[in-house]
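Asks: Attaching a single structure in structure tokens format; questions to follow.
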Amino acid sequence: GGTVVMHPTFGDAMRTDMVNSSRRSAGSSGVLDVRGSAGVAVTRVIGPLIEPSTREECEVAEELPNMSVSPSVEMRNGYTVTFELEDDAAEEYVYFQFTAAFTSFGGDRVLRVSTVRLQVTSNIAHLLQSVDVDTAAVIMAKEGVMDVVDGMSVEAAKTHVNARLQAIARTWGDQVKVTAAGRVNVVPAQLGRLPYLTYHLMHGPLLGPILNHADDYACVRALFLRVGVEDAVRMIAPTLLLCPMAEGDQYQVVPLEDLSLLPGSILLLDHHTHVFIWSGSKVSGPEHDAVRAAANLHAMQWASGRYPCPEVMTFSEGDSMARWLVCRLDPSHRDAASGGLMGAVR
């Protein structure tokens with residue numbers, strides 16, 4: 001039920017994590033059970049879970065086949081449930097019930113029951129409008145990362161994710177685009193952000209080739225599988241911010257691509273496990289140290305309560321360490337292979 005945390009140095013992030021770990025008010029001995037309407041089969045539950053191991057747990061699991069054990073229960077934990085319909089839904093609504101029990105930090109046994117009702121529709125437009133695209137991307141990403149953790153090769157997992165995206169385009173898309181690779185189906189406009197998130201999933205730290213060591217991948221993947229939607233989206237495709245250079249100015253969102261690396265800009269990227277502060281060649285001098293200090297302060301305020309604490313890396317245009325940021329950006333200033341991703345990504 002613990003969390004493996006890696007730190008390259010004995011720096012501020014490590015000291016913060018040591019303090020925060022002693023203050024964490026996590027629950028323990030958690031159990032999660034998922035039930036659905038007749039004809040709904042739960043196929044997978046992903047999160048900080050383990051298989052039942054004690055005799056008591058195994059006996060309960062015989063009666064509750066969808067039961068999982070969560071040794072550590074924390075506020076930022078996220079649990080992903082996938083399901084499939086065994087037949088066409090005959091009722092107006094499909095129901096899901098989630099039952100969670102755990103021992104609180106104070107020693108009390110807590111029981112929570114949540115029931116969710118999803119409306120059934122045969123109208124494709126209504127169906128597409130109801131999709132939370134960020135959540136859909138996180139589910140696809142967690143399935144792909146879980147496949148890798150379970151032993152599938154990274155390339156096979158990426159192929160599987162790509163096939164899912166192509167299947168969505170073929171099933172729900174009504175447009176075809178002609179590319180150098182041939183004719184491809186285009187994802188519907190209502191799901192237009194899905195290819196963007198999938199692209200960054202397959203080129204970022206979760207499934208991409210940008211980390212240095214297998215231990216780095218293991219830690220970031222384990223963290224990703226246990227976080228909620230907001231944190232997961234940040235780990236897939238973070239928001240790149242242009243730092244304000246004058247008092248009264250606000251942070252501005254700029255495209256997550258290398259064309260945003262302008263000589264007169266100071267940029268901030270919070271990728272959940274790391275925070276990067278990049279300075280262009282025209283603003284790398286000490287007269288702009290206050291801007292970088294403010295960016296660092298704001299990033300730590302936004303990450304308050306996050307465990308583990310992100311590592312902060314500061315560098316300037318042309319520095320060798322700037323590759324840590326550049327490799328996370330869309331290489332829009334040059335033609336790049338799409339890595340097999342179908343349709344228009346950008």
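In the structure tokens, the first chain shown is A, the next is B, and so on; residue numbers restart at 1 for each chain, and ligands run from 1 in the order shown.
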Taking the DSSP secondary structure from the backbone, can you list the residues of region 129-249 of chain A that are helix (DSSP H, G or I), as an mmCIF file with C-alpha atoms, in the first residue's frame?
Replies:
data_model
loop_
_atom_site.group_PDB
_atom_site.id
_atom_site.type_symbol
_atom_site.label_atom_id
_atom_site.label_comp_id
_atom_site.auth_asym_id
_atom_site.auth_seq_id
_atom_site.Cartn_x
_atom_site.Cartn_y
_atom_site.Cartn_z
ATOM 1 C CA GLN A 129 -21.951 15.179 -26.835
ATOM 2 C CA VAL A 133 -13.119 13.590 -23.691
ATOM 3 C CA ASP A 134 -10.441 14.048 -21.022
ATOM 4 C CA THR A 135 -11.877 11.166 -19.005
ATOM 5 C CA ALA A 136 -12.103 8.982 -22.117
ATOM 6 C CA ALA A 137 -8.446 9.694 -22.890
ATOM 7 C CA VAL A 138 -7.440 8.864 -19.313
ATOM 8 C CA ILE A 139 -9.282 5.533 -19.496
ATOM 9 C CA MET A 140 -7.544 4.634 -22.771
ATOM 10 C CA ALA A 141 -4.215 5.705 -21.319
ATOM 11 C CA LYS A 142 -4.638 3.758 -18.088
ATOM 12 C CA GLU A 143 -5.556 0.624 -20.014
ATOM 13 C CA GLY A 144 -2.457 1.017 -22.175
ATOM 14 C CA VAL A 145 -0.159 1.668 -19.223
ATOM 15 C CA MET A 146 -1.715 -1.227 -17.284
ATOM 16 C CA ASP A 147 -1.013 -3.526 -20.235
ATOM 17 C CA VAL A 148 2.673 -2.532 -20.057
ATOM 18 C CA VAL A 149 2.780 -3.078 -16.289
ATOM 19 C CA VAL A 154 5.458 -0.729 -25.000
ATOM 20 C CA GLU A 155 5.188 -0.905 -28.788
ATOM 21 C CA ALA A 156 2.353 -3.431 -28.573
ATOM 22 C CA ALA A 157 0.531 -1.242 -26.049
ATOM 23 C CA LYS A 158 0.916 1.805 -28.298
ATOM 24 C CA THR A 159 -0.392 -0.199 -31.244
ATOM 25 C CA HIS A 160 -3.390 -1.244 -29.152
ATOM 26 C CA VAL A 161 -4.147 2.351 -28.112
ATOM 27 C CA ASN A 162 -3.812 3.504 -31.709
ATOM 28 C CA ALA A 163 -6.170 0.730 -32.854
ATOM 29 C CA ARG A 164 -8.739 1.893 -30.287
ATOM 30 C CA LEU A 165 -8.530 5.421 -31.660
ATOM 31 C CA GLN A 166 -8.886 4.215 -35.233
ATOM 32 C CA ALA A 167 -11.885 2.102 -34.251
ATOM 33 C CA ILE A 168 -13.536 5.185 -32.717
ATOM 34 C CA ALA A 169 -12.914 7.143 -35.923
ATOM 35 C CA ARG A 170 -14.269 4.366 -38.134
ATOM 36 C CA THR A 171 -17.344 3.816 -35.957
ATOM 37 C CA TRP A 172 -18.350 7.382 -35.134
ATOM 38 C CA ALA A 189 -15.446 16.986 -33.890
ATOM 39 C CA GLN A 190 -17.016 16.309 -30.462
ATOM 40 C CA LEU A 191 -13.987 14.109 -29.660
ATOM 41 C CA ARG A 193 -9.167 16.596 -28.325
ATOM 42 C CA LEU A 194 -8.807 12.810 -28.130
ATOM 43 C CA PRO A 195 -6.088 12.433 -30.840
ATOM 44 C CA TYR A 196 -4.128 15.280 -29.233
ATOM 45 C CA LEU A 197 -4.114 13.570 -25.841
ATOM 46 C CA THR A 198 -3.332 10.199 -27.418
ATOM 47 C CA TYR A 199 -0.380 11.684 -29.294
ATOM 48 C CA HIS A 200 1.160 13.042 -26.102
ATOM 49 C CA LEU A 201 0.446 9.784 -24.272
ATOM 50 C CA MET A 202 2.491 7.851 -26.823
ATOM 51 C CA HIS A 203 5.332 10.396 -26.938
ATOM 52 C CA ALA A 214 13.384 1.507 -16.316
ATOM 53 C CA ASP A 215 12.986 2.571 -12.666
ATOM 54 C CA ASP A 216 11.859 6.042 -13.801
ATOM 55 C CA TYR A 217 9.205 4.475 -16.042
ATOM 56 C CA ALA A 218 8.064 2.093 -13.285
ATOM 57 C CA CYS A 219 7.558 4.935 -10.800
ATOM 58 C CA VAL A 220 5.729 7.293 -13.141
ATOM 59 C CA ARG A 221 3.464 4.496 -14.431
ATOM 60 C CA ALA A 222 2.614 3.313 -10.923
ATOM 61 C CA LEU A 223 1.761 6.882 -9.941
ATOM 62 C CA PHE A 224 -0.350 7.400 -13.071
ATOM 63 C CA LEU A 225 -2.438 4.291 -12.417
ATOM 64 C CA ARG A 226 -3.444 5.522 -8.964
ATOM 65 C CA VAL A 229 -8.601 12.376 -13.809
ATOM 66 C CA GLU A 230 -7.227 15.886 -13.213
ATOM 67 C CA ASP A 231 -3.774 14.630 -12.231
ATOM 68 C CA ALA A 232 -3.800 12.005 -14.994
ATOM 69 C CA VAL A 233 -4.533 14.580 -17.714
ATOM 70 C CA ARG A 234 -1.644 16.680 -16.413
ATOM 71 C CA MET A 235 0.658 13.659 -16.695
ATOM 72 C CA ILE A 236 -0.500 12.977 -20.264
#
Asks: Show me, as number ranges by chain, the residues that have an atom within 12 Å of Ala41 (chain A) when counting only C-alpha atoms, minus same-chain residues fewer than 2 positions from it.
Replies: A: 34-39, 43-45, 65-66, 81-87, 94-96
Asks: Show me, as a ChimeraX atom specification, the residues that have an atom within 8 Å of Pro308 (chain A) when counting only C-alpha atoms, minus same-chain residues fewer than 4 positions from it.
Replies: /A:5,17,273
Asks: Kindly indicate which residue among A:Gln119, A:Ser21, A:Ser130, A:Thr3 lies nearest to Glu92 (chain A), using only C-alpha atoms for the distances.
Replies: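 Nearest candidate to Glu92 (chain A) out of A:Gln119, A:Ser21, A:Ser130, A:Thr3: A:Gln119.
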Asks: Using Å and a single decimal, report how far CA of Ser320 (chain A) sits from CA of Leu267 (chain A).
Replies: 16.7 Å
Asks: With distances taken over only C-alpha atoms, which of A:Val110, A:Val291, A:Val42, A:Leu329 is nearest to Leu64 (chain A)?
Replies: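 Going through A:Val110, A:Val291, A:Val42, A:Leu329 one by one, the smallest distance to Leu64 (chain A) is for A:Val42.
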Asks: From region 95-223 of chain A, collect each residue whose DSSP state is strand (DSSP E) and return the set as a VMD selection string.
Replies: chain A and resid 95 to 103 109 to 119 175 to 179 182 to 186
Asks: Show which residues sit within 12 Å of Ala294 (chain A), as a PyMOL selection string. Count only C-alpha atoms, and ignore same-chain residues fewer than 3 positions away.
Replies: chain A and resi 243-247+250-251+266-268+277+288-291+297-301
Asks: Using the selection just defined, write its residues with N, CA and C atoms as a PDB file, in the first residue's frame.
Replies:
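Written out: again27.pdb:
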ATOM      1  N   CYS A 243       4.961  32.937 -18.744  1.00  0.00           N
ATOM      2  CA  CYS A 243       5.016  33.657 -17.478  1.00  0.00           C
ATOM      3  C   CYS A 243       4.860  35.158 -17.706  1.00  0.00           C
ATOM      4  N   PRO A 244       4.146  35.843 -16.815  1.00  0.00           N
ATOM      5  CA  PRO A 244       3.990  37.302 -16.945  1.00  0.00           C
ATOM      6  C   PRO A 244       5.312  38.011 -16.681  1.00  0.00           C
ATOM      7  N   MET A 245       5.642  38.959 -17.537  1.00  0.00           N
ATOM      8  CA  MET A 245       6.918  39.676 -17.429  1.00  0.00           C
ATOM      9  C   MET A 245       6.760  41.010 -16.711  1.00  0.00           C
ATOM     10  N   ALA A 246       5.535  41.489 -16.565  1.00  0.00           N
ATOM     11  CA  ALA A 246       5.297  42.776 -15.912  1.00  0.00           C
ATOM     12  C   ALA A 246       4.235  42.604 -14.839  1.00  0.00           C
ATOM     13  N   GLU A 247       4.302  43.440 -13.838  1.00  0.00           N
ATOM     14  CA  GLU A 247       3.330  43.379 -12.747  1.00  0.00           C
ATOM     15  C   GLU A 247       1.927  43.641 -13.273  1.00  0.00           C
ATOM     16  N   GLN A 250      -0.994  38.389 -16.502  1.00  0.00           N
ATOM     17  CA  GLN A 250      -1.443  37.071 -16.092  1.00  0.00           C
ATOM     18  C   GLN A 250      -0.691  35.996 -16.882  1.00  0.00           C
ATOM     19  N   TYR A 251      -0.680  34.774 -16.328  1.00  0.00           N
ATOM     20  CA  TYR A 251      -0.143  33.639 -17.082  1.00  0.00           C
ATOM     21  C   TYR A 251      -1.029  33.388 -18.299  1.00  0.00           C
ATOM     22  N   ILE A 266       9.616  33.423 -20.975  1.00  0.00           N
ATOM     23  CA  ILE A 266       9.889  32.516 -19.866  1.00  0.00           C
ATOM     24  C   ILE A 266       8.666  31.622 -19.726  1.00  0.00           C
ATOM     25  N   LEU A 267       8.876  30.314 -19.822  1.00  0.00           N
ATOM     26  CA  LEU A 267       7.780  29.353 -19.871  1.00  0.00           C
ATOM     27  C   LEU A 267       7.781  28.462 -18.633  1.00  0.00           C
ATOM     28  N   LEU A 268       6.590  28.054 -18.237  1.00  0.00           N
ATOM     29  CA  LEU A 268       6.413  27.167 -17.087  1.00  0.00           C
ATOM     30  C   LEU A 268       5.599  25.960 -17.528  1.00  0.00           C
ATOM     31  N   ILE A 277      11.003  25.293 -15.766  1.00  0.00           N
ATOM     32  CA  ILE A 277      10.990  26.732 -16.003  1.00  0.00           C
ATOM     33  C   ILE A 277      12.081  27.028 -17.021  1.00  0.00           C
ATOM     34  N   HIS A 288      15.897  39.125 -14.778  1.00  0.00           N
ATOM     35  CA  HIS A 288      14.607  38.426 -14.852  1.00  0.00           C
ATOM     36  C   HIS A 288      14.503  37.295 -13.824  1.00  0.00           C
ATOM     37  N   ASP A 289      15.421  37.298 -12.850  1.00  0.00           N
ATOM     38  CA  ASP A 289      15.359  36.264 -11.808  1.00  0.00           C
ATOM     39  C   ASP A 289      14.070  36.333 -11.011  1.00  0.00           C
ATOM     40  N   ALA A 290      13.521  37.529 -10.835  1.00  0.00           N
ATOM     41  CA  ALA A 290      12.283  37.674 -10.059  1.00  0.00           C
ATOM     42  C   ALA A 290      11.116  36.974 -10.757  1.00  0.00           C
ATOM     43  N   VAL A 291      11.112  36.999 -12.083  1.00  0.00           N
ATOM     44  CA  VAL A 291      10.049  36.323 -12.826  1.00  0.00           C
ATOM     45  C   VAL A 291      10.142  34.821 -12.614  1.00  0.00           C
ATOM     46  N   LEU A 297       7.476  29.828  -7.243  1.00  0.00           N
ATOM     47  CA  LEU A 297       6.579  29.940  -6.089  1.00  0.00           C
ATOM     48  C   LEU A 297       5.155  29.540  -6.466  1.00  0.00           C
ATOM     49  N   HIS A 298       4.676  30.027  -7.607  1.00  0.00           N
ATOM     50  CA  HIS A 298       3.311  29.700  -8.023  1.00  0.00           C
ATOM     51  C   HIS A 298       3.169  28.213  -8.327  1.00  0.00           C
ATOM     52  N   ALA A 299       4.180  27.630  -8.959  1.00  0.00           N
ATOM     53  CA  ALA A 299       4.117  26.201  -9.271  1.00  0.00           C
ATOM     54  C   ALA A 299       4.018  25.376  -8.000  1.00  0.00           C
ATOM     55  N   MET A 300       4.780  25.750  -6.964  1.00  0.00           N
ATOM     56  CA  MET A 300       4.732  25.009  -5.710  1.00  0.00           C
ATOM     57  C   MET A 300       3.399  25.221  -4.989  1.00  0.00           C
ATOM     58  N   GLN A 301       2.816  26.403  -5.140  1.00  0.00           N
ATOM     59  CA  GLN A 301       1.492  26.630  -4.547  1.00  0.00           C
ATOM     60  C   GLN A 301       0.442  25.772  -5.245  1.00  0.00           C
TER      61      GLN A 301
END
Asks: For Glu311 (chain A), find every residue with an atom within 12 Å (counting only C-alpha atoms), except residues of its own chain fewer than 3 positions away, and show them as a PyMOL selection string.
Replies: chain A and resi 5-17+269-277+296+299-300+303+306-308+314+324
Asks: Could you check how far CA of Arg112 (chain A) sits from CA of Thr80 (chain A), in Å to one decimal?
Replies: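 Value for the CA of Arg112 (chain A)-CA of Thr80 (chain A) distance: 16.8 Å.
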Asks: Please list as a VMD selection string every residue within 10 Å of Met75 (chain A), counting only C-alpha atoms and excluding residues in the same chain fewer than 6 positions away.
Replies: chain A and resid 25 to 27 227 to 228
